[in-house]
Amino acid sequence: MPQPVPCQLEASWQRSLNYGLQRDDDSQPWVASGQLNEARAENAWINRLAEPLLARLHPELASHPSIMVLSDASGLVLETHGNSDFLHKAQRYALSPGNLWGEHARGTNAIGTALALQQHCEVSGGEHYLSRNAGLFCSASPVFRPDGLMAGVLDLSTPAHAPRPDAAVIVQRAVCQIEHTWTTSAAGTQRWLLSLHQDPALLGTAGELLFIVEDNVLLGANRRAMEEFALLPAHFGHTAISTLLPQIALSGGTTRTLACNQRHYALRQTPPARRYPGRGIAPPQAEVDPLKAKALRILNAGIALCVTGETGCGKEHLSRELHAGSRWRTGPFVAINCAALPENLIESELFGYAPGAFTGASARGYSGKLCEANGGVLFLDEIGDMPLTLQTRLLRVLQEKKVTPLGASTSREVDFALICATHQDLEARVAAGAFREDLLYRIQEFHLRMPPLREWQNREAFIHKLWNELGAPQRRLTLSEAVVNELAARPWPGNVRQLLSQLRVLMALADDGAQITLADLPGQRAAAPEPTLTDERAIAEAQGNMSLAARKLGISRSTLYRRLEKRPTV
(Lines give C-alpha, C1' and ligand atoms only; values in the text may rest on other atoms or scores of the structure.)
Protein backbone atom coordinates (compact mmCIF):
# COMPACT_ATOMS: atom_id res chain seq x y z
CA MET A 1 0.00 0.00 0.00
CA PRO A 2 1.35 3.48 -0.87
CA GLN A 3 0.64 4.81 2.64
CA PRO A 4 -0.77 3.58 5.94
CA VAL A 5 -4.54 3.23 5.84
CA PRO A 6 -7.06 2.81 8.68
CA CYS A 7 -7.55 -0.74 9.89
CA GLN A 8 -11.05 -1.04 8.44
CA LEU A 9 -9.69 -0.17 4.98
CA GLU A 10 -6.92 -2.79 4.95
CA ALA A 11 -9.45 -5.57 4.36
CA SER A 12 -11.06 -3.46 1.64
CA TRP A 13 -7.72 -3.11 -0.15
CA GLN A 14 -7.33 -6.88 0.07
CA ARG A 15 -10.79 -7.38 -1.44
CA SER A 16 -9.85 -4.96 -4.21
CA LEU A 17 -6.81 -7.10 -4.99
CA ASN A 18 -8.98 -10.21 -4.97
CA TYR A 19 -11.26 -8.65 -7.58
CA GLY A 20 -8.25 -8.37 -9.86
CA LEU A 21 -8.37 -4.56 -10.02
CA GLN A 22 -5.22 -2.68 -11.03
CA ARG A 23 -4.46 0.56 -9.17
CA ASP A 24 -3.79 2.45 -12.40
CA ASP A 25 -7.02 1.23 -14.02
CA ASP A 26 -8.57 4.25 -15.75
CA SER A 27 -11.89 2.63 -16.72
CA GLN A 28 -15.19 3.99 -15.42
CA PRO A 29 -17.78 1.20 -15.01
CA TRP A 30 -21.29 2.46 -15.73
CA VAL A 31 -24.72 1.25 -16.81
CA ALA A 32 -26.90 2.25 -19.75
CA SER A 33 -29.68 4.82 -19.28
CA GLY A 34 -32.36 2.11 -19.39
CA GLN A 35 -30.81 0.26 -16.45
CA LEU A 36 -30.37 3.55 -14.58
CA ASN A 37 -34.04 4.40 -15.03
CA GLU A 38 -35.05 0.93 -13.81
CA ALA A 39 -32.84 1.32 -10.73
CA ARG A 40 -34.32 4.74 -10.01
CA ALA A 41 -37.82 3.28 -10.24
CA GLU A 42 -36.87 0.47 -7.84
CA ASN A 43 -35.43 2.96 -5.34
CA ALA A 44 -38.40 5.31 -4.94
CA TRP A 45 -37.24 6.03 -1.37
CA ILE A 46 -34.71 8.50 -2.79
CA ASN A 47 -37.38 10.65 -4.41
CA ARG A 48 -39.76 10.27 -1.48
CA LEU A 49 -37.44 10.54 1.53
CA ALA A 50 -33.97 11.75 0.56
CA GLU A 51 -34.52 14.48 -2.02
CA PRO A 52 -36.77 16.67 0.19
CA LEU A 53 -34.08 16.49 2.87
CA LEU A 54 -31.31 17.34 0.40
CA ALA A 55 -33.31 20.33 -0.81
CA ARG A 56 -33.20 21.69 2.76
CA LEU A 57 -29.44 20.98 2.89
CA HIS A 58 -28.74 22.69 -0.44
CA PRO A 59 -27.53 26.03 1.03
CA GLU A 60 -25.15 24.16 3.32
CA LEU A 61 -23.82 22.04 0.43
CA ALA A 62 -23.61 24.92 -2.06
CA SER A 63 -21.42 27.01 0.26
CA HIS A 64 -18.54 24.52 -0.01
CA PRO A 65 -17.05 22.53 -2.93
CA SER A 66 -18.99 19.42 -1.95
CA ILE A 67 -21.65 17.15 -3.42
CA MET A 68 -24.06 14.61 -1.96
CA VAL A 69 -24.23 11.31 -3.83
CA LEU A 70 -27.03 8.74 -3.46
CA SER A 71 -26.52 5.15 -4.57
CA ASP A 72 -28.54 1.95 -4.45
CA ALA A 73 -27.47 -1.18 -2.55
CA SER A 74 -25.15 -2.25 -5.39
CA GLY A 75 -23.22 1.04 -5.42
CA LEU A 76 -24.92 2.38 -8.56
CA VAL A 77 -25.08 6.19 -8.36
CA LEU A 78 -28.70 7.31 -8.82
CA GLU A 79 -28.68 11.01 -7.89
CA THR A 80 -26.08 13.74 -7.23
CA HIS A 81 -26.73 17.14 -5.59
CA GLY A 82 -24.66 20.03 -4.30
CA ASN A 83 -22.21 22.75 -5.28
CA SER A 84 -22.64 23.42 -9.01
CA ASP A 85 -18.94 24.18 -9.62
CA PHE A 86 -17.78 21.00 -7.93
CA LEU A 87 -20.54 19.01 -9.65
CA HIS A 88 -18.94 19.93 -12.98
CA LYS A 89 -15.44 19.07 -11.77
CA ALA A 90 -16.69 15.81 -10.25
CA GLN A 91 -17.58 14.51 -13.72
CA ARG A 92 -13.99 13.40 -14.17
CA TYR A 93 -14.34 11.33 -11.01
CA ALA A 94 -17.46 9.65 -12.48
CA LEU A 95 -19.72 10.60 -9.57
CA SER A 96 -22.66 11.36 -11.86
CA PRO A 97 -25.75 9.08 -12.06
CA GLY A 98 -25.19 5.79 -13.86
CA ASN A 99 -21.67 5.13 -12.54
CA LEU A 100 -20.90 2.04 -10.46
CA TRP A 101 -19.04 2.53 -7.17
CA GLY A 102 -19.22 -0.91 -5.59
CA GLU A 103 -15.88 -2.26 -4.42
CA HIS A 104 -15.89 -4.83 -7.24
CA ALA A 105 -15.99 -1.92 -9.73
CA ARG A 106 -13.67 0.70 -8.17
CA GLY A 107 -11.94 -0.92 -5.23
CA THR A 108 -11.71 0.84 -1.88
CA ASN A 109 -13.98 3.89 -1.85
CA ALA A 110 -16.45 5.32 0.65
CA ILE A 111 -19.62 4.17 -1.14
CA GLY A 112 -18.51 0.63 -1.93
CA THR A 113 -16.70 0.09 1.37
CA ALA A 114 -19.63 1.44 3.42
CA LEU A 115 -21.79 -1.16 1.65
CA ALA A 116 -19.26 -3.91 2.37
CA LEU A 117 -18.86 -2.92 6.04
CA GLN A 118 -22.53 -1.99 6.50
CA GLN A 119 -21.40 1.03 8.49
CA HIS A 120 -20.13 4.60 8.11
CA CYS A 121 -16.84 4.90 6.26
CA GLU A 122 -14.48 7.70 5.23
CA VAL A 123 -11.85 7.39 2.51
CA SER A 124 -9.44 10.24 1.86
CA GLY A 125 -6.96 10.86 -0.96
CA GLY A 126 -4.49 8.02 -1.40
CA GLU A 127 -6.61 5.71 0.76
CA HIS A 128 -8.66 5.11 -2.40
CA TYR A 129 -7.55 1.94 -4.15
CA LEU A 130 -7.64 3.43 -7.65
CA SER A 131 -5.08 6.17 -8.21
CA ARG A 132 -7.55 8.19 -10.29
CA ASN A 133 -9.70 8.76 -7.18
CA ALA A 134 -6.90 10.10 -4.99
CA GLY A 135 -8.19 13.65 -5.46
CA LEU A 136 -11.35 12.91 -3.45
CA PHE A 137 -12.34 12.93 0.19
CA CYS A 138 -15.55 10.94 0.76
CA SER A 139 -17.71 10.25 3.81
CA ALA A 140 -20.52 7.70 3.37
CA SER A 141 -23.13 5.85 5.43
CA PRO A 142 -25.49 3.06 4.37
CA VAL A 143 -29.23 3.64 4.55
CA PHE A 144 -31.25 0.79 6.06
CA ARG A 145 -34.87 -0.04 5.33
CA PRO A 146 -37.28 -0.75 8.22
CA ASP A 147 -36.95 -4.48 7.48
CA GLY A 148 -33.22 -4.37 8.21
CA LEU A 149 -31.99 -4.63 4.63
CA MET A 150 -29.66 -2.06 3.10
CA ALA A 151 -31.35 0.28 0.64
CA GLY A 152 -28.31 2.23 -0.51
CA VAL A 153 -25.71 4.79 0.54
CA LEU A 154 -25.57 8.52 1.21
CA ASP A 155 -22.11 9.95 0.43
CA LEU A 156 -20.60 13.42 0.82
CA SER A 157 -17.62 14.02 -1.49
CA THR A 158 -15.21 16.97 -1.56
CA PRO A 159 -11.74 17.64 -3.00
CA ALA A 160 -9.12 15.78 -0.97
CA HIS A 161 -7.25 19.04 -0.31
CA ALA A 162 -10.39 20.67 1.15
CA PRO A 163 -12.29 18.05 3.19
CA ARG A 164 -15.30 19.07 5.25
CA PRO A 165 -14.58 18.52 8.96
CA ASP A 166 -18.33 18.15 9.54
CA ALA A 167 -18.86 15.64 6.70
CA ALA A 168 -19.56 12.66 8.96
CA VAL A 169 -22.00 14.69 11.07
CA ILE A 170 -23.93 15.90 8.00
CA VAL A 171 -24.13 12.43 6.44
CA GLN A 172 -25.05 10.50 9.58
CA ARG A 173 -27.62 13.10 10.63
CA ALA A 174 -29.26 12.93 7.19
CA VAL A 175 -29.29 9.12 7.16
CA CYS A 176 -30.78 9.04 10.66
CA GLN A 177 -33.59 11.36 9.53
CA ILE A 178 -34.28 9.29 6.39
CA GLU A 179 -34.45 6.03 8.36
CA HIS A 180 -36.70 7.58 11.01
CA THR A 181 -39.14 8.98 8.42
CA TRP A 182 -39.11 5.69 6.50
CA THR A 183 -39.96 3.67 9.62
CA THR A 184 -42.70 6.08 10.64
CA SER A 185 -44.34 6.02 7.19
CA ALA A 186 -44.06 2.22 6.94
CA ALA A 187 -46.30 1.70 9.96
CA GLY A 188 -49.46 2.22 7.88
CA THR A 189 -52.89 2.29 9.48
CA GLN A 190 -53.04 -1.17 11.10
CA ARG A 191 -49.73 -1.09 13.01
CA TRP A 192 -48.59 0.91 15.99
CA LEU A 193 -45.29 2.60 16.69
CA LEU A 194 -43.18 2.21 19.81
CA SER A 195 -40.62 4.93 20.52
CA LEU A 196 -37.81 4.63 23.08
CA HIS A 197 -35.37 7.24 24.35
CA GLN A 198 -33.48 7.92 27.58
CA ASP A 199 -34.73 11.51 27.49
CA PRO A 200 -38.57 11.80 27.31
CA ALA A 201 -38.20 15.24 25.72
CA LEU A 202 -36.54 13.62 22.69
CA LEU A 203 -39.31 11.11 22.01
CA GLY A 204 -40.66 11.89 18.55
CA THR A 205 -37.30 13.07 17.19
CA ALA A 206 -35.00 11.30 14.74
CA GLY A 207 -32.75 10.27 17.62
CA GLU A 208 -35.29 7.88 19.13
CA LEU A 209 -35.39 4.10 18.80
CA LEU A 210 -38.44 3.26 16.70
CA PHE A 211 -40.30 -0.06 16.33
CA ILE A 212 -43.24 -1.12 14.13
CA VAL A 213 -45.55 -3.57 15.91
CA GLU A 214 -48.70 -5.47 14.97
CA ASP A 215 -50.45 -8.01 17.22
CA ASN A 216 -47.47 -7.97 19.60
CA VAL A 217 -45.12 -8.99 16.75
CA LEU A 218 -42.13 -6.85 15.78
CA LEU A 219 -42.37 -6.03 12.06
CA GLY A 220 -39.68 -3.37 11.59
CA ALA A 221 -37.43 -0.80 13.21
CA ASN A 222 -35.05 2.03 12.46
CA ARG A 223 -31.33 1.33 12.57
CA ARG A 224 -30.84 2.95 15.97
CA ALA A 225 -33.22 0.39 17.43
CA MET A 226 -31.61 -2.46 15.48
CA GLU A 227 -28.16 -1.58 16.82
CA GLU A 228 -29.36 -1.11 20.41
CA PHE A 229 -31.12 -4.50 20.52
CA ALA A 230 -28.87 -6.40 18.06
CA LEU A 231 -31.77 -7.00 15.68
CA LEU A 232 -31.32 -8.74 12.33
CA PRO A 233 -33.75 -8.94 9.38
CA ALA A 234 -34.63 -12.48 10.47
CA HIS A 235 -36.10 -11.14 13.73
CA PHE A 236 -38.82 -9.16 12.00
CA GLY A 237 -42.13 -10.97 11.70
CA HIS A 238 -41.13 -13.56 14.30
CA THR A 239 -40.17 -11.74 17.53
CA ALA A 240 -42.72 -10.80 20.19
CA ILE A 241 -42.25 -7.21 21.32
CA SER A 242 -43.22 -8.25 24.86
CA THR A 243 -40.22 -10.60 24.86
CA LEU A 244 -37.93 -7.85 23.64
CA LEU A 245 -39.20 -5.30 26.18
CA PRO A 246 -40.75 -7.30 29.05
CA GLN A 247 -40.64 -4.42 31.55
CA ILE A 248 -42.72 -1.97 29.54
CA ALA A 249 -46.53 -2.12 29.69
CA LEU A 250 -47.63 -2.15 26.07
CA SER A 251 -51.31 -2.94 26.36
CA GLY A 252 -53.99 -0.34 25.90
CA GLY A 253 -56.00 1.43 23.26
CA THR A 254 -54.93 3.42 20.26
CA THR A 255 -54.03 6.65 22.07
CA ARG A 256 -50.53 7.84 22.93
CA THR A 257 -49.34 5.93 26.01
CA LEU A 258 -46.14 6.80 27.88
CA ALA A 259 -44.29 4.18 29.94
CA CYS A 260 -40.74 3.59 31.14
CA ASN A 261 -38.24 1.01 32.32
CA GLN A 262 -34.80 1.33 33.87
CA ARG A 263 -33.15 2.42 30.60
CA HIS A 264 -35.76 4.08 28.40
CA TYR A 265 -38.91 6.09 28.28
CA ALA A 266 -41.38 4.49 25.87
CA LEU A 267 -44.14 6.07 23.83
CA ARG A 268 -46.78 3.83 22.23
CA GLN A 269 -48.93 5.42 19.55
CA THR A 270 -51.05 4.53 16.55
CA PRO A 271 -50.54 6.77 13.50
CA PRO A 272 -53.63 8.66 12.30
CA ALA A 273 -55.65 6.76 9.74
CA ARG A 274 -54.80 7.68 6.15
CA ARG A 275 -57.65 8.49 3.79
CA TYR A 276 -56.94 7.48 0.22
CA PRO A 277 -59.07 8.50 -2.76
CA GLY A 278 -60.91 5.74 -4.53
CA ARG A 279 -60.63 2.13 -3.48
CA GLY A 280 -59.14 0.10 -0.69
CA ILE A 281 -55.45 -0.71 -0.83
CA ALA A 282 -54.23 -4.22 -1.63
CA PRO A 283 -50.63 -5.17 -0.84
CA PRO A 284 -48.49 -5.74 -3.94
CA GLN A 285 -47.84 -9.34 -2.96
CA ALA A 286 -51.57 -10.13 -3.01
CA GLU A 287 -51.28 -11.40 -6.57
CA VAL A 288 -48.64 -13.98 -5.67
CA ASP A 289 -49.68 -15.04 -2.15
CA PRO A 290 -51.07 -18.46 -3.26
CA LEU A 291 -47.86 -19.14 -5.17
CA LYS A 292 -45.72 -17.92 -2.29
CA ALA A 293 -47.31 -20.37 0.16
CA LYS A 294 -46.37 -23.29 -2.10
CA ALA A 295 -42.90 -21.90 -2.76
CA LEU A 296 -42.24 -21.52 0.97
CA ARG A 297 -42.99 -25.20 1.56
CA ILE A 298 -40.69 -26.09 -1.33
CA LEU A 299 -37.87 -23.95 0.07
CA ASN A 300 -38.28 -25.45 3.55
CA ALA A 301 -37.98 -28.91 2.01
CA GLY A 302 -34.63 -27.98 0.44
CA ILE A 303 -36.00 -28.27 -3.12
CA ALA A 304 -34.52 -25.97 -5.76
CA LEU A 305 -36.87 -23.18 -6.84
CA CYS A 306 -36.77 -21.35 -10.17
CA VAL A 307 -38.65 -18.05 -10.35
CA THR A 308 -39.40 -16.81 -13.85
CA GLY A 309 -41.10 -13.68 -15.04
CA GLU A 310 -40.65 -10.55 -17.04
CA THR A 311 -38.14 -7.89 -16.04
CA GLY A 312 -39.49 -5.67 -13.29
CA CYS A 313 -42.12 -8.04 -11.88
CA GLY A 314 -40.39 -8.54 -8.49
CA LYS A 315 -38.51 -11.85 -8.64
CA GLU A 316 -35.78 -10.88 -6.18
CA HIS A 317 -38.24 -9.15 -3.86
CA LEU A 318 -40.28 -12.37 -3.63
CA SER A 319 -37.13 -14.45 -3.11
CA ARG A 320 -36.07 -12.29 -0.16
CA GLU A 321 -39.54 -12.63 1.34
CA LEU A 322 -39.35 -16.42 0.99
CA HIS A 323 -35.97 -16.46 2.72
CA ALA A 324 -37.25 -14.28 5.58
CA GLY A 325 -40.18 -16.63 6.20
CA SER A 326 -38.37 -19.95 5.75
CA ARG A 327 -36.38 -22.23 8.02
CA TRP A 328 -33.26 -20.75 6.39
CA ARG A 329 -33.98 -17.27 7.73
CA THR A 330 -31.25 -17.38 10.39
CA GLY A 331 -28.72 -17.95 7.62
CA PRO A 332 -27.58 -15.43 5.00
CA PHE A 333 -29.35 -14.45 1.79
CA VAL A 334 -26.51 -14.36 -0.73
CA ALA A 335 -27.44 -12.85 -4.10
CA ILE A 336 -25.34 -12.77 -7.24
CA ASN A 337 -26.39 -11.45 -10.64
CA CYS A 338 -24.93 -13.75 -13.28
CA ALA A 339 -25.48 -11.10 -15.97
CA ALA A 340 -23.84 -8.22 -14.09
CA LEU A 341 -20.41 -9.71 -13.37
CA PRO A 342 -17.80 -10.21 -16.10
CA GLU A 343 -17.29 -13.87 -17.00
CA ASN A 344 -13.78 -13.89 -15.55
CA LEU A 345 -15.13 -12.79 -12.16
CA ILE A 346 -18.18 -15.06 -11.87
CA GLU A 347 -16.13 -18.21 -11.28
CA SER A 348 -14.01 -16.75 -8.48
CA GLU A 349 -17.07 -15.02 -6.98
CA LEU A 350 -19.10 -18.24 -6.87
CA PHE A 351 -16.50 -20.86 -6.04
CA GLY A 352 -13.77 -18.82 -4.38
CA TYR A 353 -10.08 -19.57 -4.78
CA ALA A 354 -7.09 -20.93 -2.92
CA PRO A 355 -4.23 -18.64 -1.80
CA GLY A 356 -2.14 -17.62 -4.80
CA ALA A 357 -4.46 -19.34 -7.28
CA PHE A 358 -3.81 -16.63 -9.89
CA THR A 359 -1.92 -13.39 -10.34
CA GLY A 360 -3.15 -10.83 -7.82
CA ALA A 361 -4.99 -13.42 -5.74
CA SER A 362 -5.11 -12.88 -2.00
CA ALA A 363 -2.51 -14.69 0.04
CA ARG A 364 -5.36 -15.82 2.28
CA GLY A 365 -7.67 -16.95 -0.52
CA TYR A 366 -11.41 -16.28 -0.83
CA SER A 367 -14.27 -18.54 0.23
CA GLY A 368 -16.73 -17.55 -2.54
CA LYS A 369 -20.49 -16.97 -2.54
CA LEU A 370 -21.41 -20.66 -2.48
CA CYS A 371 -19.64 -21.11 0.83
CA GLU A 372 -20.96 -17.80 2.15
CA ALA A 373 -24.50 -19.08 1.51
CA ASN A 374 -23.95 -22.14 3.74
CA GLY A 375 -26.93 -22.44 6.08
CA GLY A 376 -28.97 -19.88 4.15
CA VAL A 377 -30.27 -19.13 0.65
CA LEU A 378 -28.24 -18.70 -2.53
CA PHE A 379 -30.05 -16.49 -5.03
CA LEU A 380 -28.72 -16.69 -8.60
CA ASP A 381 -30.33 -13.92 -10.61
CA GLU A 382 -30.35 -14.11 -14.42
CA ILE A 383 -29.19 -17.72 -14.29
CA GLY A 384 -29.84 -17.95 -18.04
CA ASP A 385 -26.76 -15.77 -18.66
CA MET A 386 -24.34 -18.05 -16.82
CA PRO A 387 -21.50 -19.25 -19.11
CA LEU A 388 -21.64 -22.92 -20.10
CA THR A 389 -18.28 -23.70 -18.47
CA LEU A 390 -19.56 -22.54 -15.10
CA GLN A 391 -22.86 -24.36 -15.52
CA THR A 392 -20.95 -27.64 -15.41
CA ARG A 393 -19.20 -26.72 -12.17
CA LEU A 394 -22.42 -25.46 -10.59
CA LEU A 395 -24.22 -28.69 -11.46
CA ARG A 396 -21.50 -30.69 -9.72
CA VAL A 397 -21.80 -28.56 -6.57
CA LEU A 398 -25.58 -28.99 -6.50
CA GLN A 399 -25.26 -32.74 -6.87
CA GLU A 400 -22.41 -33.31 -4.43
CA LYS A 401 -23.04 -30.42 -2.00
CA LYS A 402 -19.30 -29.75 -2.04
CA VAL A 403 -17.37 -26.72 -3.28
CA THR A 404 -13.80 -26.85 -4.58
CA PRO A 405 -12.25 -23.36 -4.83
CA LEU A 406 -10.08 -22.45 -7.83
CA GLY A 407 -6.59 -23.85 -7.40
CA ALA A 408 -7.57 -25.99 -4.38
CA SER A 409 -7.33 -29.76 -4.02
CA THR A 410 -9.77 -30.12 -1.15
CA SER A 411 -13.51 -29.51 -1.03
CA ARG A 412 -15.81 -27.97 1.54
CA GLU A 413 -19.30 -29.28 2.27
CA VAL A 414 -22.14 -26.78 1.90
CA ASP A 415 -25.84 -26.85 2.67
CA PHE A 416 -28.06 -24.11 1.32
CA ALA A 417 -31.40 -23.58 -0.37
CA LEU A 418 -31.24 -22.53 -4.01
CA ILE A 419 -33.42 -19.95 -5.72
CA CYS A 420 -32.71 -19.07 -9.33
CA ALA A 421 -34.42 -16.35 -11.32
CA THR A 422 -34.56 -15.39 -14.98
CA HIS A 423 -36.66 -13.50 -17.48
CA GLN A 424 -35.45 -15.81 -20.25
CA ASP A 425 -37.04 -18.95 -21.67
CA LEU A 426 -34.62 -21.56 -20.33
CA GLU A 427 -36.07 -24.32 -22.50
CA ALA A 428 -35.30 -22.22 -25.55
CA ARG A 429 -31.79 -21.62 -24.21
CA VAL A 430 -31.41 -25.39 -23.90
CA ALA A 431 -32.67 -25.85 -27.47
CA ALA A 432 -30.15 -23.26 -28.67
CA GLY A 433 -27.30 -25.08 -26.88
CA ALA A 434 -26.68 -22.18 -24.48
CA PHE A 435 -27.91 -23.89 -21.32
CA ARG A 436 -27.35 -27.41 -19.99
CA GLU A 437 -30.50 -29.49 -19.92
CA ASP A 438 -29.39 -31.47 -16.86
CA LEU A 439 -28.75 -28.22 -14.96
CA LEU A 440 -32.21 -26.95 -15.93
CA TYR A 441 -33.81 -30.02 -14.35
CA ARG A 442 -31.68 -29.56 -11.22
CA ILE A 443 -32.41 -25.86 -10.63
CA GLN A 444 -36.07 -26.04 -11.66
CA GLU A 445 -37.32 -28.78 -9.37
CA PHE A 446 -40.20 -26.42 -8.72
CA HIS A 447 -41.14 -23.64 -11.13
CA LEU A 448 -42.85 -20.46 -9.96
CA ARG A 449 -43.99 -18.01 -12.61
CA MET A 450 -44.40 -14.41 -11.46
CA PRO A 451 -47.41 -12.92 -13.25
CA PRO A 452 -46.76 -9.68 -15.13
CA LEU A 453 -48.55 -6.58 -13.91
CA ARG A 454 -51.06 -6.68 -16.78
CA GLU A 455 -52.40 -10.01 -15.43
CA TRP A 456 -53.05 -8.72 -11.90
CA GLN A 457 -56.69 -8.64 -10.87
CA ASN A 458 -56.59 -5.48 -8.72
CA ARG A 459 -54.31 -3.10 -10.60
CA GLU A 460 -56.33 -0.01 -9.67
CA ALA A 461 -55.78 -0.57 -5.94
CA PHE A 462 -52.08 -1.20 -6.51
CA ILE A 463 -51.75 2.06 -8.45
CA HIS A 464 -53.31 3.94 -5.53
CA LYS A 465 -50.94 2.17 -3.13
CA LEU A 466 -47.81 3.12 -5.09
CA TRP A 467 -49.06 6.68 -5.54
CA ASN A 468 -49.44 7.13 -1.81
CA GLU A 469 -46.15 5.43 -1.01
CA LEU A 470 -44.46 8.01 -3.25
CA GLY A 471 -45.70 10.74 -0.92
CA ALA A 472 -48.86 11.98 -2.68
CA PRO A 473 -50.85 12.60 0.55
CA GLN A 474 -48.15 14.95 1.86
CA ARG A 475 -48.53 17.08 -1.30
CA ARG A 476 -52.32 16.63 -1.51
CA LEU A 477 -52.03 15.05 -4.96
CA THR A 478 -54.80 12.80 -6.28
CA LEU A 479 -55.38 10.69 -9.37
CA SER A 480 -58.66 11.07 -11.22
CA GLU A 481 -60.67 7.90 -11.75
CA ALA A 482 -60.12 8.19 -15.51
CA VAL A 483 -56.35 8.29 -15.02
CA VAL A 484 -56.39 5.26 -12.73
CA ASN A 485 -58.53 3.31 -15.21
CA GLU A 486 -56.25 4.30 -18.09
CA LEU A 487 -53.08 3.31 -16.22
CA ALA A 488 -54.65 0.02 -15.11
CA ALA A 489 -55.55 -0.82 -18.72
CA ARG A 490 -52.04 -0.33 -20.10
CA PRO A 491 -49.95 -3.44 -20.90
CA TRP A 492 -46.84 -2.30 -18.90
CA PRO A 493 -44.08 -4.35 -20.58
CA GLY A 494 -41.73 -3.00 -17.90
CA ASN A 495 -44.13 -4.12 -15.15
CA VAL A 496 -43.97 -2.53 -11.68
CA ARG A 497 -40.70 -0.73 -12.45
CA GLN A 498 -42.22 0.98 -15.46
CA LEU A 499 -45.45 1.86 -13.64
CA LEU A 500 -43.51 3.29 -10.72
CA SER A 501 -41.39 5.37 -13.09
CA GLN A 502 -44.53 6.75 -14.78
CA LEU A 503 -46.06 7.71 -11.42
CA ARG A 504 -42.85 9.49 -10.41
CA VAL A 505 -42.98 11.53 -13.62
CA LEU A 506 -46.60 12.52 -12.97
CA MET A 507 -45.75 13.53 -9.42
CA ALA A 508 -42.69 15.55 -10.46
CA LEU A 509 -44.71 17.55 -13.00
CA ALA A 510 -47.72 18.20 -10.72
CA ASP A 511 -48.31 21.24 -8.55
CA ASP A 512 -49.17 20.66 -4.89
CA GLY A 513 -52.88 20.08 -4.34
CA ALA A 514 -53.55 19.12 -7.96
CA GLN A 515 -55.63 16.27 -9.34
CA ILE A 516 -53.97 14.36 -12.18
CA THR A 517 -56.19 14.10 -15.27
CA LEU A 518 -55.88 12.34 -18.62
CA ALA A 519 -54.40 15.50 -20.12
CA ASP A 520 -51.43 15.12 -17.74
CA LEU A 521 -50.49 11.64 -18.97
CA PRO A 522 -47.37 11.78 -21.17
CA GLY A 523 -47.56 9.70 -24.34
CA GLN A 524 -50.37 7.60 -25.69
CA ARG A 525 -51.53 4.21 -24.58
CA ALA A 526 -49.59 1.50 -26.35
CA ALA A 527 -51.64 -0.52 -28.80
CA ALA A 528 -52.16 -4.20 -28.01
CA PRO A 529 -50.78 -6.74 -30.52
CA GLU A 530 -53.24 -7.58 -33.27
CA PRO A 531 -54.99 -10.90 -32.54
CA THR A 532 -54.35 -12.08 -36.11
CA LEU A 533 -50.62 -11.43 -35.95
CA THR A 534 -48.73 -14.14 -37.84
CA ASP A 535 -45.43 -15.66 -36.83
CA GLU A 536 -43.66 -14.17 -39.84
CA ARG A 537 -45.09 -10.70 -39.30
CA ALA A 538 -44.14 -10.77 -35.60
CA ILE A 539 -40.56 -11.74 -36.51
CA ALA A 540 -40.41 -8.97 -39.10
CA GLU A 541 -41.77 -6.36 -36.67
CA ALA A 542 -39.22 -7.51 -34.09
CA GLN A 543 -36.43 -7.21 -36.70
CA GLY A 544 -35.46 -10.83 -36.20
CA ASN A 545 -35.43 -10.73 -32.40
CA MET A 546 -37.07 -14.08 -31.62
CA SER A 547 -37.68 -13.31 -27.93
CA LEU A 548 -39.49 -10.08 -28.78
CA ALA A 549 -41.45 -11.80 -31.56
CA ALA A 550 -42.58 -14.52 -29.15
CA ARG A 551 -43.75 -11.90 -26.64
CA LYS A 552 -45.75 -10.16 -29.38
CA LEU A 553 -47.44 -13.47 -30.15
CA GLY A 554 -48.02 -14.29 -26.49
CA ILE A 555 -46.07 -17.56 -26.65
CA SER A 556 -42.70 -18.82 -25.46
CA ARG A 557 -39.69 -18.61 -27.73
CA SER A 558 -39.37 -22.41 -27.79
CA THR A 559 -42.96 -22.66 -29.04
CA LEU A 560 -42.18 -20.19 -31.82
CA TYR A 561 -39.14 -22.22 -32.85
CA ARG A 562 -41.24 -25.42 -32.93
CA ARG A 563 -43.87 -23.71 -35.08
CA LEU A 564 -41.26 -22.58 -37.58
CA GLU A 565 -39.68 -26.03 -37.73
CA LYS A 566 -43.06 -27.54 -38.68
CA ARG A 567 -43.57 -25.14 -41.61
CA PRO A 568 -42.95 -26.70 -45.03
CA THR A 569 -39.79 -25.48 -46.70
CA VAL A 570 -39.93 -24.01 -50.20
# chains A, B, ... in the order shown; residues from 1 in each chain; ligands from 1
$ residues_around --residues "A:Leu390" --least-positions-apart "5" --cutoff "9 Å" --atoms "only C-alpha atoms" --output "VMD selection string"
chain A and resid 346 to 347 395
$ residues_around --residues "stretch 75-85 of chain A" --least-positions-apart "5" --cutoff "6 Å" --atoms "only C-alpha atoms" --output "number ranges by chain"
A: 61-62, 65-70, 97-102, 112
$ residues_around --residues "A:Ala187" --least-positions-apart "3" --cutoff "10 Å" --atoms "only C-alpha atoms" --output "PyMOL selection string"
chain A and resi 146+182-184+190-193+211-214+219-221+270-271
$ closest_residue --among "A:Val123, A:Ala73, A:Leu380, A:Leu245" --to "A:Leu9" --atoms "only C-alpha atoms"
A:Val123
$ residues_around --residues "A:Leu322" --least-positions-apart "4" --cutoff "8 Å" --atoms "only C-alpha atoms" --output "NGL selection string"
:A and (292 or 295-296 or 299 or 318 or 326)
$ atom_distance --atom1 "atom CA of A:Ser131" --atom2 "atom CA of A:Arg164"
21.3 Å
$ closest_residue --among "A:Gly107, A:Pro473, A:Pro142, A:Gly407" --to "A:Gln28" --atoms "only C-alpha atoms"
A:Gly107
$ residues_around --residues "A:Arg459" --least-positions-apart "2" --cutoff "9 Å" --atoms "only C-alpha atoms" --output "list in words"
Leu453, Arg454, Glu455, Trp456, Gln457, Ala461, Phe462, Ile463, His464, Val484, Asn485, Leu487, Ala488 and Ala489 of chain A
$ atom_distance --atom1 "atom CA of A:Leu394" --atom2 "atom CA of A:Ala39"
28.7 Å
$ atom_distance --atom1 "atom CA of A:Arg449" --atom2 "atom CA of A:Trp492"
17.2 Å
$ select_by_dssp --residues "stretch 324-439 of chain A" --states "strand (DSSP E)" --output "NGL selection string"
:A and (333-337 or 377-381 or 402-403 or 412-413 or 417-422)
$ closest_residue --among "A:Ala11, A:Ala44, A:Ala339, A:Ala417" --to "A:Val377" --atoms "only C-alpha atoms"
A:Ala417
$ closest_residue --among "A:Leu218, A:Ile241, A:Ala508, A:Leu194" --to "A:Ala266" --atoms "only C-alpha atoms"
A:Leu194
